[in-house]
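Engineer: Right, I'll just put the structure down here and ask away after.
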Amino acid sequence: MKKIMSMLTVVLVVFSTSVQAQKNTNKIAPRIIILATGGTIAGSGESATKAAYTAGKVPVDDLLNAVPDIHKYGKISGEQVAQIGSQDMNVVTWLKLAKRINQIFKDNLADAVVVTHGTDTQGETAYFLDLTVMSDKPVVLVGAMRPSTAMSQDGNRNLLDAVMVAADPKSQGKGVIVAMDEKVFDARDVTKTSTTNLETFRSTNFGPIGLIYDGKVSYYYQSLRNPSKKFDVSKLNELPKVEIVYGYADASPETVSNLSTIPGLKGLVYAGMGNGNFGEPVGKALANASKNGIVVCRSARASAGRITLENEVNDAELGFVVADDLNPQKARVLLMLSLTETADRTKIQQNFFEY
Ligand code: ASP
C-alpha cells in the first residue's frame with residue numbers, strides 16, 4: 001500500500017511538473033503576429049547622417065531580421081498589410097487592419113498582435129483599432145522617428161520593446177496600446193507632439209500608462225475608457241464622411257460653409273479655440289450645417305483639457321455635440337464610427353462621454 005502511495009505521489013509530481021512546464025512554455029512562447037503598414041520604421045534613406053528618407057520601403061521580413069532578439073519573446077511571424085507613409089493612412093486600410101486583427105484572434109492564430117506604423121497618424125489608427133478590435137489580447141502599435149538606415153535609429157529598439165510588451169501577460173485587457181521610446185500609452189490618449197523629436201508621443205492629459213526599461217514593462221495605471229462594446233466593422237467597406245475644420249481668430253465662415261457642401265458629408269469636427277469656441281460668423285455657419293443634418297462636434301485646438309457642454313456655447317439649442325477630451329482627429333474617428341450606428345445626437349454625445 002505504502003509503495004502504491006509513493007508511486008502515485010511520483011506520478012502526480014511528474015504530471016504537475018509537466019503541466020507547469022507546459023504553462024511556462026506557453027508563457028515564454030506566445031504567438032505574436034507583426035502586421036506591417038510602412039512608416040519611418042520601414043523607412044530608408046541614402047545617408048546614415050542626413051535626414052532625408054522615404055517612409056515605407058523596408059519589407060516586414062527585413063524589419064524582423066534586423067532584430068533577431070524578438071524571437072526570445074515568442075513565436076514571431078510577419079505580414080505586410082500596407083507599405084505607406086502614415087500620412088497616406090486611410091479608412092480602407094483602417095478597416096482592413098481591424099478586420100485582419102479580429103480574424104487573427106477569432107481563428108486563434110496569435111496571442112498578441114504588433115502593428116508597425118508611421119508616427120504621423122499612429123494615434124488615430126491606435127484609437128480606431130481600440131474601438132473596433134473585439135479581443136482582450138494585446139494589440140501594440142509601434143513606429144520610429146528615424147528611418148532604419150539612420151545612425152542611432154530608434155526603430156529596432158522600439159520594435160524589440162513592442163514585442164516584449166505584446167508578450168507580457170500584463171498587457172492583456174488594456175485595449176490597444178502604443179509602445180514608443182520606452183513608454184506605453186493608452187490609444188485613446190496618445191498623440192504625436194513633436195514633428196521630429198524622438199520623444200514625440202505623449203498623453204497630454206494623463207501621461208504614459210507604463211514604462212519600459214531593460215526588456216521589462218511596468219504598468220502604473222489603466223484607462224477606464226475601455227468599453228467592452230466595440231464597433232462592428234466586419235461588414236463595412238467605408239465609413240460615413242466626416243471632416244475637420246480649424247478655428248482661429250477672425251476665421252471666415254466660408255471654411256465651414258464650403259466644407260458643408262461636400263457631397264455625402266455626415267459630420268464636421270470643429271477644432272475650436274479654448275473650450276471649443278468660435279467667432280460669430282463661424283458659429284452661424286456651424287449652426288447652419290447642424291440644421292442641415294450635419295453632426296457638428298466641438299473639439300479643441302489646444303493640446304490638453306476637455307470640451308465642456310453648455311459653457312459659452314448653447315450646444316443643446318444648436319444641436320452640437322462635444323468631443324470631451326478627444327483631440328480633433330480622434331473625435332473624427334469616434335464620430336465616423338458612431339455614425340455607422342446612429343444619427344441620434346444624444347446617443348452620439350453619450351459615446352463621447354463613454355468611449
Ligand atoms: N511620415 C512618417 C509616417 O508617418 C513619419 C514617421 O513614421 O515617423 O509614416
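For the C-alpha cells, the naming scheme is as follows: chains receive sequential letters (A, B, ...) according to their order of presentation, residues are indexed from 1 within each chain, and ligands are indexed from 1 in presentation order.
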Using only C-alpha atoms and all ligand atoms, find each residue of chain A with at least one atom at most 6 Å away from an atom of ligand 1; report its shortest atom-to-atom pair and that distance in Å (one decimal), sort the rows by chain and rising residue number, and return the result as a Markdown table.
Structural biologist:
```
| residue | atom | partner | partner_atom_place_in_ligand_line | distance |
| --- | --- | --- | --- | --- |
| A:Gly39 | CA | ligand 1 | 9 (O) | 3.3 |
| A:Thr40 | CA | ligand 1 | 7 (O) | 3.6 |
| A:Ala55 | CA | ligand 1 | 9 (O) | 5.5 |
| A:Gly85 | CA | ligand 1 | 9 (O) | 3.3 |
| A:Ser86 | CA | ligand 1 | 9 (O) | 3.8 |
| A:Gln87 | CA | ligand 1 | 4 (O) | 5.3 |
| A:Gly118 | CA | ligand 1 | 7 (O) | 3.1 |
| A:Thr119 | CA | ligand 1 | 7 (O) | 4.0 |
| A:Asp120 | CA | ligand 1 | 4 (O) | 3.7 |
| A:Ala144 | CA | ligand 1 | 8 (O) | 5.3 |
| A:Met145 | CA | ligand 1 | 8 (O) | 4.2 |
```
Engineer: Save out the residues we just selected, N, CA, C and O atoms, as a short mmCIF file (atom, residue, chain, number, x, y, z; two decimals), in the first residue's frame.
Structural biologist:
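Output file selection-v4.cif is given in full below:
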```
data_model
loop_
_atom_site.label_atom_id
_atom_site.label_comp_id
_atom_site.auth_asym_id
_atom_site.auth_seq_id
_atom_site.Cartn_x
_atom_site.Cartn_y
_atom_site.Cartn_z
N GLY A 39 5.67 53.35 -42.86
CA GLY A 39 6.13 54.38 -41.92
C GLY A 39 7.64 54.50 -41.90
O GLY A 39 8.36 53.79 -42.60
N THR A 40 8.11 55.38 -41.04
CA THR A 40 9.55 55.62 -40.94
C THR A 40 10.28 54.41 -40.39
O THR A 40 11.45 54.18 -40.69
N ALA A 55 9.56 56.99 -46.41
CA ALA A 55 8.88 56.08 -45.48
C ALA A 55 8.33 54.87 -46.23
O ALA A 55 8.07 54.94 -47.43
N GLY A 85 3.60 55.69 -46.07
CA GLY A 85 3.83 56.66 -45.01
C GLY A 85 2.47 56.89 -44.36
O GLY A 85 1.45 56.91 -45.06
N SER A 86 2.45 57.08 -43.05
CA SER A 86 1.12 57.10 -42.42
C SER A 86 0.36 58.38 -42.70
O SER A 86 -0.82 58.49 -42.37
N GLN A 87 1.00 59.35 -43.38
CA GLN A 87 0.23 60.50 -43.87
C GLN A 87 -0.75 60.06 -44.95
O GLN A 87 -1.70 60.77 -45.27
N GLY A 118 3.65 54.26 -39.31
CA GLY A 118 4.23 55.59 -39.30
C GLY A 118 3.71 56.39 -38.10
O GLY A 118 2.62 56.12 -37.61
N THR A 119 4.50 57.35 -37.66
CA THR A 119 4.12 58.05 -36.44
C THR A 119 3.11 59.19 -36.68
O THR A 119 2.42 59.60 -35.75
N ASP A 120 3.02 59.68 -37.93
CA ASP A 120 2.17 60.86 -38.18
C ASP A 120 0.72 60.63 -37.75
O ASP A 120 0.09 61.52 -37.16
N ALA A 144 8.77 54.56 -35.51
CA ALA A 144 10.11 55.11 -35.27
C ALA A 144 10.14 56.53 -35.80
O ALA A 144 9.38 56.88 -36.70
N MET A 145 11.01 57.32 -35.24
CA MET A 145 11.17 58.69 -35.72
C MET A 145 12.34 58.79 -36.70
O MET A 145 12.43 59.75 -37.47
#
```
Engineer: Extract the full set of alpha helix (DSSP H) residues from region 49-248 of chain A according to DSSP on the backbone, and format it as a ChimeraX atom specification.
Structural biologist: /A:60-65,91-106,122-132,155-167
Engineer: Convert the current residue selection to file output with N, CA and C atoms, as a compact mmCIF listing (two decimals), in the first residue's frame.
Structural biologist:
```txt
# COMPACT_ATOMS: atom_id res chain seq x y z
N VAL A 60 8.49 43.70 -44.32
CA VAL A 60 8.35 43.22 -42.94
C VAL A 60 9.42 42.17 -42.58
N ASP A 61 9.77 41.27 -43.50
CA ASP A 61 10.76 40.24 -43.17
C ASP A 61 12.11 40.87 -42.82
N ASP A 62 12.48 41.93 -43.55
CA ASP A 62 13.75 42.60 -43.26
C ASP A 62 13.69 43.31 -41.90
N LEU A 63 12.50 43.87 -41.58
CA LEU A 63 12.33 44.51 -40.27
C LEU A 63 12.58 43.50 -39.15
N LEU A 64 12.00 42.31 -39.31
CA LEU A 64 12.13 41.28 -38.28
C LEU A 64 13.56 40.75 -38.22
N ASN A 65 14.17 40.55 -39.40
CA ASN A 65 15.54 40.01 -39.43
C ASN A 65 16.54 40.95 -38.79
N VAL A 91 -9.23 55.25 -44.46
CA VAL A 91 -10.30 54.44 -43.88
C VAL A 91 -10.25 52.99 -44.40
N VAL A 92 -9.94 52.84 -45.68
CA VAL A 92 -9.92 51.50 -46.27
C VAL A 92 -8.85 50.64 -45.56
N THR A 93 -7.67 51.22 -45.32
CA THR A 93 -6.60 50.46 -44.66
C THR A 93 -6.95 50.23 -43.18
N TRP A 94 -7.59 51.21 -42.54
CA TRP A 94 -8.03 51.01 -41.15
C TRP A 94 -8.97 49.80 -41.06
N LEU A 95 -9.94 49.76 -42.01
CA LEU A 95 -10.91 48.66 -41.97
C LEU A 95 -10.21 47.32 -42.24
N LYS A 96 -9.25 47.35 -43.16
CA LYS A 96 -8.50 46.12 -43.50
C LYS A 96 -7.75 45.63 -42.26
N LEU A 97 -7.11 46.57 -41.57
CA LEU A 97 -6.33 46.21 -40.37
C LEU A 97 -7.23 45.64 -39.27
N ALA A 98 -8.33 46.34 -39.00
CA ALA A 98 -9.23 45.90 -37.93
C ALA A 98 -9.78 44.52 -38.25
N LYS A 99 -10.19 44.31 -39.51
CA LYS A 99 -10.75 43.01 -39.90
C LYS A 99 -9.70 41.92 -39.75
N ARG A 100 -8.48 42.21 -40.18
CA ARG A 100 -7.41 41.20 -40.09
C ARG A 100 -7.13 40.83 -38.64
N ILE A 101 -7.05 41.84 -37.78
CA ILE A 101 -6.74 41.56 -36.36
C ILE A 101 -7.88 40.75 -35.74
N ASN A 102 -9.12 41.14 -36.02
CA ASN A 102 -10.25 40.39 -35.47
C ASN A 102 -10.24 38.94 -35.96
N GLN A 103 -9.88 38.75 -37.24
CA GLN A 103 -9.82 37.39 -37.80
C GLN A 103 -8.72 36.57 -37.12
N ILE A 104 -7.56 37.21 -36.95
CA ILE A 104 -6.43 36.52 -36.31
C ILE A 104 -6.84 36.00 -34.93
N PHE A 105 -7.51 36.85 -34.16
CA PHE A 105 -7.89 36.42 -32.81
C PHE A 105 -9.04 35.41 -32.84
N LYS A 106 -9.98 35.63 -33.78
CA LYS A 106 -11.12 34.70 -33.88
C LYS A 106 -10.63 33.29 -34.24
N GLN A 122 -0.30 57.66 -36.16
CA GLN A 122 -0.32 56.46 -35.31
C GLN A 122 -1.41 56.54 -34.22
N GLY A 123 -1.58 57.74 -33.65
CA GLY A 123 -2.59 57.91 -32.60
C GLY A 123 -3.99 57.63 -33.12
N GLU A 124 -4.28 58.10 -34.34
CA GLU A 124 -5.62 57.87 -34.89
C GLU A 124 -5.86 56.39 -35.17
N THR A 125 -4.86 55.74 -35.77
CA THR A 125 -5.01 54.31 -36.06
C THR A 125 -5.19 53.53 -34.76
N ALA A 126 -4.38 53.89 -33.75
CA ALA A 126 -4.48 53.17 -32.46
C ALA A 126 -5.89 53.30 -31.90
N TYR A 127 -6.44 54.51 -31.96
CA TYR A 127 -7.78 54.72 -31.40
C TYR A 127 -8.84 54.01 -32.24
N PHE A 128 -8.68 54.05 -33.57
CA PHE A 128 -9.63 53.33 -34.43
C PHE A 128 -9.64 51.84 -34.08
N LEU A 129 -8.45 51.26 -33.91
CA LEU A 129 -8.38 49.83 -33.58
C LEU A 129 -8.92 49.58 -32.18
N ASP A 130 -8.65 50.50 -31.27
CA ASP A 130 -9.15 50.39 -29.90
C ASP A 130 -10.67 50.26 -29.89
N LEU A 131 -11.31 50.96 -30.82
CA LEU A 131 -12.77 50.98 -30.87
C LEU A 131 -13.36 49.83 -31.69
N THR A 132 -12.51 49.10 -32.41
CA THR A 132 -13.05 48.10 -33.34
C THR A 132 -12.50 46.68 -33.15
N GLY A 155 14.10 52.55 -34.48
CA GLY A 155 13.11 51.53 -34.84
C GLY A 155 13.39 50.16 -34.25
N ASN A 156 14.65 49.70 -34.31
CA ASN A 156 14.95 48.34 -33.83
C ASN A 156 14.64 48.20 -32.35
N ARG A 157 15.07 49.18 -31.58
CA ARG A 157 14.82 49.13 -30.13
C ARG A 157 13.30 49.19 -29.85
N ASN A 158 12.63 50.10 -30.57
CA ASN A 158 11.18 50.23 -30.36
C ASN A 158 10.46 48.93 -30.71
N LEU A 159 10.90 48.27 -31.80
CA LEU A 159 10.24 47.02 -32.21
C LEU A 159 10.48 45.93 -31.16
N LEU A 160 11.71 45.83 -30.70
CA LEU A 160 12.02 44.84 -29.66
C LEU A 160 11.15 45.08 -28.42
N ASP A 161 11.07 46.33 -28.01
CA ASP A 161 10.26 46.66 -26.83
C ASP A 161 8.78 46.35 -27.07
N ALA A 162 8.30 46.67 -28.27
CA ALA A 162 6.87 46.44 -28.56
C ALA A 162 6.54 44.96 -28.51
N VAL A 163 7.45 44.12 -29.03
CA VAL A 163 7.22 42.67 -29.00
C VAL A 163 7.25 42.18 -27.55
N MET A 164 8.19 42.69 -26.77
CA MET A 164 8.25 42.34 -25.35
C MET A 164 6.95 42.72 -24.63
N VAL A 165 6.46 43.92 -24.92
CA VAL A 165 5.21 44.39 -24.30
C VAL A 165 4.05 43.49 -24.73
N ALA A 166 4.01 43.14 -26.02
CA ALA A 166 2.92 42.29 -26.52
C ALA A 166 2.96 40.92 -25.86
N ALA A 167 4.18 40.43 -25.58
CA ALA A 167 4.33 39.09 -25.00
C ALA A 167 4.00 39.07 -23.50
```
Engineer: Would you write out, as a tab-separated table, a table of all residues in region 176-233 of chain A that have an atom no more than 12 Å from an atom of region 313-333 of chain A, listing for each the closest atom pair and the distance in Å to one decimal, considering only C-alpha atoms and ordering rows by chain and rising residue number?
Structural biologist:
```
residue	atom	partner	partner_atom	distance
A:Ala187	CA	A:Lys330	CA	9.9
A:Arg188	CA	A:Leu326	CA	7.5
A:Asp189	CA	A:Leu326	CA	7.4
A:Val190	CA	A:Asn327	CA	9.7
A:Thr191	CA	A:Asn327	CA	8.5
A:Lys192	CA	A:Asn327	CA	11.1
A:Thr193	CA	A:Asn327	CA	11.9
A:Ser203	CA	A:Asn327	CA	10.9
A:Thr204	CA	A:Asp325	CA	10.0
A:Asn205	CA	A:Asp325	CA	8.3
A:Phe206	CA	A:Asp325	CA	10.8
A:Arg225	CA	A:Asp325	CA	11.4
A:Phe231	CA	A:Val333	CA	11.4
```
Engineer: Those selected residues, please, written with N, CA and C atoms and delivered as a short mmCIF file (atom, residue, chain, number, x, y, z; two decimals), in the first residue's frame.
Structural biologist:
```cif
data_model
loop_
_atom_site.label_atom_id
_atom_site.label_comp_id
_atom_site.auth_asym_id
_atom_site.auth_seq_id
_atom_site.Cartn_x
_atom_site.Cartn_y
_atom_site.Cartn_z
N ALA A 187 -4.30 54.06 -26.20
CA ALA A 187 -4.60 54.51 -27.58
C ALA A 187 -5.45 55.77 -27.60
N ARG A 188 -6.37 55.87 -26.66
CA ARG A 188 -7.31 57.00 -26.65
C ARG A 188 -6.60 58.32 -26.37
N ASP A 189 -5.57 58.25 -25.55
CA ASP A 189 -4.98 59.50 -25.06
C ASP A 189 -3.72 59.94 -25.80
N VAL A 190 -3.09 59.00 -26.51
CA VAL A 190 -1.76 59.32 -27.05
C VAL A 190 -1.83 60.20 -28.30
N THR A 191 -0.85 61.08 -28.42
CA THR A 191 -0.77 61.90 -29.63
C THR A 191 0.68 62.27 -29.94
N LYS A 192 0.96 62.50 -31.20
CA LYS A 192 2.31 62.94 -31.60
C LYS A 192 2.42 64.42 -31.31
N THR A 193 3.45 64.83 -30.59
CA THR A 193 3.53 66.24 -30.18
C THR A 193 4.70 66.98 -30.81
N SER A 203 0.75 61.56 -23.80
CA SER A 203 -0.65 61.65 -23.46
C SER A 203 -0.75 62.96 -22.69
N THR A 204 -1.24 64.00 -23.36
CA THR A 204 -1.11 65.35 -22.80
C THR A 204 -1.96 65.55 -21.55
N ASN A 205 -2.99 64.72 -21.38
CA ASN A 205 -3.81 64.86 -20.17
C ASN A 205 -3.35 63.96 -19.03
N PHE A 206 -2.90 62.74 -19.37
CA PHE A 206 -2.71 61.76 -18.30
C PHE A 206 -1.35 61.10 -18.22
N ARG A 225 -11.73 54.29 -19.79
CA ARG A 225 -12.48 54.45 -21.04
C ARG A 225 -12.15 53.31 -21.99
N PHE A 231 -17.25 48.74 -31.88
CA PHE A 231 -18.00 48.95 -33.12
C PHE A 231 -17.69 47.78 -34.07
#
```
Engineer: So which residues of region 7-158 of chain A fall under strand (DSSP E) by DSSP, listed as a PyMOL selection string?
Structural biologist: chain A and resi 31-38+75-84+112-116+139-142
Engineer: Would you export the selected residues with N, CA and C atoms as a short mmCIF file (atom, residue, chain, number, x, y, z; two decimals), in the first residue's frame, please?
Structural biologist:
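Output saved as selection_6.cif:
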```cif
data_model
loop_
_atom_site.label_atom_id
_atom_site.label_comp_id
_atom_site.auth_asym_id
_atom_site.auth_seq_id
_atom_site.Cartn_x
_atom_site.Cartn_y
_atom_site.Cartn_z
N ARG A 31 2.39 33.40 -29.34
CA ARG A 31 2.47 33.59 -30.80
C ARG A 31 2.13 35.05 -31.09
N ILE A 32 3.07 35.72 -31.73
CA ILE A 32 2.87 37.16 -32.00
C ILE A 32 2.97 37.41 -33.50
N ILE A 33 1.93 38.01 -34.05
CA ILE A 33 1.96 38.36 -35.47
C ILE A 33 2.24 39.86 -35.59
N ILE A 34 3.23 40.17 -36.42
CA ILE A 34 3.57 41.58 -36.68
C ILE A 34 2.91 42.00 -37.99
N LEU A 35 2.01 42.95 -37.91
CA LEU A 35 1.37 43.46 -39.12
C LEU A 35 2.07 44.77 -39.50
N ALA A 36 2.70 44.77 -40.64
CA ALA A 36 3.48 45.95 -41.04
C ALA A 36 2.67 46.84 -41.98
N THR A 37 2.72 48.14 -41.73
CA THR A 37 1.97 49.07 -42.60
C THR A 37 2.87 50.12 -43.26
N GLY A 38 4.16 50.10 -42.95
CA GLY A 38 5.08 51.10 -43.53
C GLY A 38 5.56 52.08 -42.48
N LYS A 75 6.87 33.13 -30.59
CA LYS A 75 6.92 32.68 -31.99
C LYS A 75 6.44 33.84 -32.83
N ILE A 76 7.37 34.43 -33.55
CA ILE A 76 7.07 35.67 -34.26
C ILE A 76 6.91 35.42 -35.75
N SER A 77 5.86 35.99 -36.33
CA SER A 77 5.75 35.96 -37.79
C SER A 77 5.26 37.33 -38.26
N GLY A 78 5.46 37.60 -39.53
CA GLY A 78 5.11 38.94 -40.04
C GLY A 78 4.19 38.89 -41.24
N GLU A 79 3.38 39.91 -41.38
CA GLU A 79 2.53 40.06 -42.57
C GLU A 79 2.58 41.52 -43.01
N GLN A 80 2.65 41.72 -44.31
CA GLN A 80 2.65 43.09 -44.85
C GLN A 80 1.21 43.47 -45.18
N VAL A 81 0.64 44.40 -44.41
CA VAL A 81 -0.75 44.82 -44.65
C VAL A 81 -0.79 46.02 -45.60
N ALA A 82 0.20 46.89 -45.46
CA ALA A 82 0.30 48.06 -46.33
C ALA A 82 1.77 48.47 -46.36
N GLN A 83 2.13 49.38 -47.25
CA GLN A 83 3.52 49.87 -47.26
C GLN A 83 3.47 51.36 -47.61
N ILE A 84 3.00 52.14 -46.62
CA ILE A 84 2.76 53.56 -46.88
C ILE A 84 3.34 54.42 -45.75
N ALA A 112 -1.07 37.71 -29.51
CA ALA A 112 -0.91 39.17 -29.49
C ALA A 112 -0.55 39.64 -30.89
N VAL A 113 -0.84 40.89 -31.16
CA VAL A 113 -0.50 41.47 -32.46
C VAL A 113 0.30 42.76 -32.23
N VAL A 114 1.33 42.94 -33.04
CA VAL A 114 2.08 44.20 -33.05
C VAL A 114 1.87 44.83 -34.43
N VAL A 115 1.55 46.11 -34.46
CA VAL A 115 1.37 46.80 -35.74
C VAL A 115 2.49 47.82 -35.89
N THR A 116 3.30 47.68 -36.94
CA THR A 116 4.31 48.71 -37.20
C THR A 116 3.67 49.77 -38.08
N VAL A 139 -2.79 44.32 -28.35
CA VAL A 139 -2.51 44.88 -29.68
C VAL A 139 -1.63 46.10 -29.43
N VAL A 140 -0.41 46.05 -29.96
CA VAL A 140 0.58 47.08 -29.65
C VAL A 140 1.02 47.78 -30.94
N LEU A 141 0.89 49.09 -30.99
CA LEU A 141 1.39 49.83 -32.15
C LEU A 141 2.77 50.37 -31.86
N VAL A 142 3.60 50.37 -32.89
CA VAL A 142 4.97 50.87 -32.72
C VAL A 142 5.43 51.54 -34.01
#
```
Engineer: Find the spatial neighbours of region 271-279 of chain A, counting only C-alpha atoms, within a cut-off of 10 Å - ignore same-chain residues fewer than 6 positions away - and output them as a ChimeraX atom specification.
Structural biologist: /A:244-253,286,297-309,311-313,322-324,327-329,331
Engineer: Could you write out the selected residues, including N, CA and C atoms, as an mmCIF file, in the first residue's frame?
Structural biologist:
```cif
data_model
loop_
_atom_site.group_PDB
_atom_site.id
_atom_site.type_symbol
_atom_site.label_atom_id
_atom_site.label_comp_id
_atom_site.auth_asym_id
_atom_site.auth_seq_id
_atom_site.Cartn_x
_atom_site.Cartn_y
_atom_site.Cartn_z
ATOM 1 N N ILE A 244 -12.701 67.836 -40.755
ATOM 2 C CA ILE A 244 -12.298 68.681 -39.614
ATOM 3 C C ILE A 244 -12.072 70.108 -40.116
ATOM 4 N N VAL A 245 -12.514 71.068 -39.359
ATOM 5 C CA VAL A 245 -12.219 72.466 -39.704
ATOM 6 C C VAL A 245 -11.557 73.137 -38.505
ATOM 7 N N TYR A 246 -10.529 73.925 -38.795
ATOM 8 C CA TYR A 246 -9.687 74.508 -37.736
ATOM 9 C C TYR A 246 -10.172 75.916 -37.379
ATOM 10 N N GLY A 247 -10.204 76.208 -36.094
ATOM 11 C CA GLY A 247 -10.641 77.525 -35.638
ATOM 12 C C GLY A 247 -9.459 78.449 -35.371
ATOM 13 N N TYR A 248 -9.629 79.728 -35.650
ATOM 14 C CA TYR A 248 -8.577 80.733 -35.379
ATOM 15 C C TYR A 248 -9.230 82.109 -35.375
ATOM 16 N N ALA A 249 -8.484 83.082 -34.848
ATOM 17 C CA ALA A 249 -9.041 84.426 -34.744
ATOM 18 C C ALA A 249 -9.412 84.956 -36.131
ATOM 19 N N ASP A 250 -10.586 85.503 -36.227
ATOM 20 C CA ASP A 250 -11.060 86.141 -37.445
ATOM 21 C C ASP A 250 -11.208 85.171 -38.634
ATOM 22 N N ALA A 251 -11.526 83.921 -38.339
ATOM 23 C CA ALA A 251 -11.707 82.939 -39.426
ATOM 24 C C ALA A 251 -12.940 83.302 -40.244
ATOM 25 N N SER A 252 -12.854 83.061 -41.554
ATOM 26 C CA SER A 252 -14.042 83.353 -42.371
ATOM 27 C C SER A 252 -15.002 82.174 -42.306
ATOM 28 N N PRO A 253 -16.284 82.460 -42.364
ATOM 29 C CA PRO A 253 -17.282 81.393 -42.262
ATOM 30 C C PRO A 253 -17.247 80.442 -43.448
ATOM 31 N N LEU A 286 -21.642 77.048 -38.581
ATOM 32 C CA LEU A 286 -21.737 75.732 -37.925
ATOM 33 C C LEU A 286 -23.201 75.422 -37.590
ATOM 34 N N CYS A 297 -19.381 68.505 -34.159
ATOM 35 C CA CYS A 297 -18.759 68.137 -32.883
ATOM 36 C C CYS A 297 -17.712 69.195 -32.537
ATOM 37 N N ARG A 298 -17.873 69.813 -31.386
ATOM 38 C CA ARG A 298 -16.878 70.813 -30.959
ATOM 39 C C ARG A 298 -15.726 70.115 -30.246
ATOM 40 N N SER A 299 -14.501 70.389 -30.729
ATOM 41 C CA SER A 299 -13.300 69.877 -30.053
ATOM 42 C C SER A 299 -12.368 71.075 -29.865
ATOM 43 N N ALA A 300 -11.121 70.805 -29.486
ATOM 44 C CA ALA A 300 -10.225 71.926 -29.172
ATOM 45 C C ALA A 300 -8.939 71.864 -29.974
ATOM 46 N N ARG A 301 -8.457 73.038 -30.366
ATOM 47 C CA ARG A 301 -7.123 73.080 -30.984
ATOM 48 C C ARG A 301 -6.049 73.099 -29.893
ATOM 49 N N ALA A 302 -6.434 73.381 -28.653
ATOM 50 C CA ALA A 302 -5.484 73.315 -27.527
ATOM 51 C C ALA A 302 -5.068 71.853 -27.344
ATOM 52 N N SER A 303 -3.851 71.643 -26.804
ATOM 53 C CA SER A 303 -3.334 70.272 -26.789
ATOM 54 C C SER A 303 -3.764 69.477 -25.554
ATOM 55 N N ALA A 304 -4.475 70.093 -24.632
ATOM 56 C CA ALA A 304 -4.940 69.330 -23.456
ATOM 57 C C ALA A 304 -6.249 69.920 -22.958
ATOM 58 N N GLY A 305 -6.882 69.180 -22.065
ATOM 59 C CA GLY A 305 -8.149 69.637 -21.499
ATOM 60 C C GLY A 305 -9.328 69.026 -22.221
ATOM 61 N N ARG A 306 -10.535 69.354 -21.749
ATOM 62 C CA ARG A 306 -11.717 68.798 -22.388
ATOM 63 C C ARG A 306 -12.710 69.900 -22.733
ATOM 64 N N ILE A 307 -13.598 69.540 -23.640
ATOM 65 C CA ILE A 307 -14.646 70.477 -24.027
ATOM 66 C C ILE A 307 -15.837 70.197 -23.127
ATOM 67 N N THR A 308 -16.323 71.223 -22.475
ATOM 68 C CA THR A 308 -17.463 71.025 -21.582
ATOM 69 C C THR A 308 -18.730 71.523 -22.270
ATOM 70 N N LEU A 309 -19.807 70.803 -22.026
ATOM 71 C CA LEU A 309 -21.109 71.132 -22.632
ATOM 72 C C LEU A 309 -21.658 72.429 -22.047
ATOM 73 N N ASN A 311 -21.056 75.592 -21.891
ATOM 74 C CA ASN A 311 -20.335 76.622 -21.142
ATOM 75 C C ASN A 311 -20.570 77.986 -21.773
ATOM 76 N N GLU A 312 -19.813 78.252 -22.836
ATOM 77 C CA GLU A 312 -20.007 79.512 -23.557
ATOM 78 C C GLU A 312 -20.890 79.313 -24.780
ATOM 79 N N VAL A 313 -21.194 78.048 -25.061
ATOM 80 C CA VAL A 313 -21.956 77.726 -26.276
ATOM 81 C C VAL A 313 -23.235 76.989 -25.875
ATOM 82 N N VAL A 322 -20.112 67.564 -28.049
ATOM 83 C CA VAL A 322 -18.742 67.953 -27.699
ATOM 84 C C VAL A 322 -17.847 66.717 -27.625
ATOM 85 N N ALA A 323 -16.553 66.947 -27.866
ATOM 86 C CA ALA A 323 -15.602 65.831 -28.014
ATOM 87 C C ALA A 323 -15.034 65.339 -26.690
ATOM 88 N N ASP A 324 -15.485 65.934 -25.566
ATOM 89 C CA ASP A 324 -14.857 65.626 -24.282
ATOM 90 C C ASP A 324 -13.357 65.939 -24.420
ATOM 91 N N ASN A 327 -8.815 64.729 -29.024
ATOM 92 C CA ASN A 327 -8.345 65.760 -29.946
ATOM 93 C C ASN A 327 -9.180 65.687 -31.235
ATOM 94 N N PRO A 328 -9.099 66.704 -32.098
ATOM 95 C CA PRO A 328 -9.998 66.730 -33.262
ATOM 96 C C PRO A 328 -9.912 65.474 -34.135
ATOM 97 N N GLN A 329 -8.670 64.987 -34.365
ATOM 98 C CA GLN A 329 -8.554 63.833 -35.266
ATOM 99 C C GLN A 329 -9.125 62.557 -34.649
ATOM 100 N N ALA A 331 -11.618 62.686 -32.355
ATOM 101 C CA ALA A 331 -13.063 62.943 -32.337
ATOM 102 C C ALA A 331 -13.657 62.537 -33.687
#
```
Engineer: Which value, in Å to one decimal, gives the distance between CA of Lys174 (chain A) and CA of Ala42 (chain A)?
Structural biologist: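 Spanning CA of Lys174 (chain A) to CA of Ala42 (chain A) is a straight-line distance of 26.5 Å.
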Engineer: Taking only C-alpha atoms into account, name the residue in A:Val269, A:Ala343, A:Met336, A:Val256 that is nearest to Gly293 (chain A).
Structural biologist: A:Ala343
Engineer: Interatomic distance between CA of Leu211 (chain A) and CA of Asp168 (chain A)?
Structural biologist: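 CA of Asp168 (chain A) lies 13.0 Å from CA of Leu211 (chain A).
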Engineer: Could you tell me how far CA of Asn292 (chain A) sits from CA of Glu310 (chain A), in Å to one decimal place?
Structural biologist: 21.1 Å
Engineer: Please determine, counting only C-alpha atoms, which residue among A:Ala51, A:Ala179, A:Ile262, A:Ala150 has the shortest atom-to-atom distance to Glu243 (chain A).
Structural biologist: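 That would be A:Ile262, the residue with the smallest distance to Glu243 (chain A).
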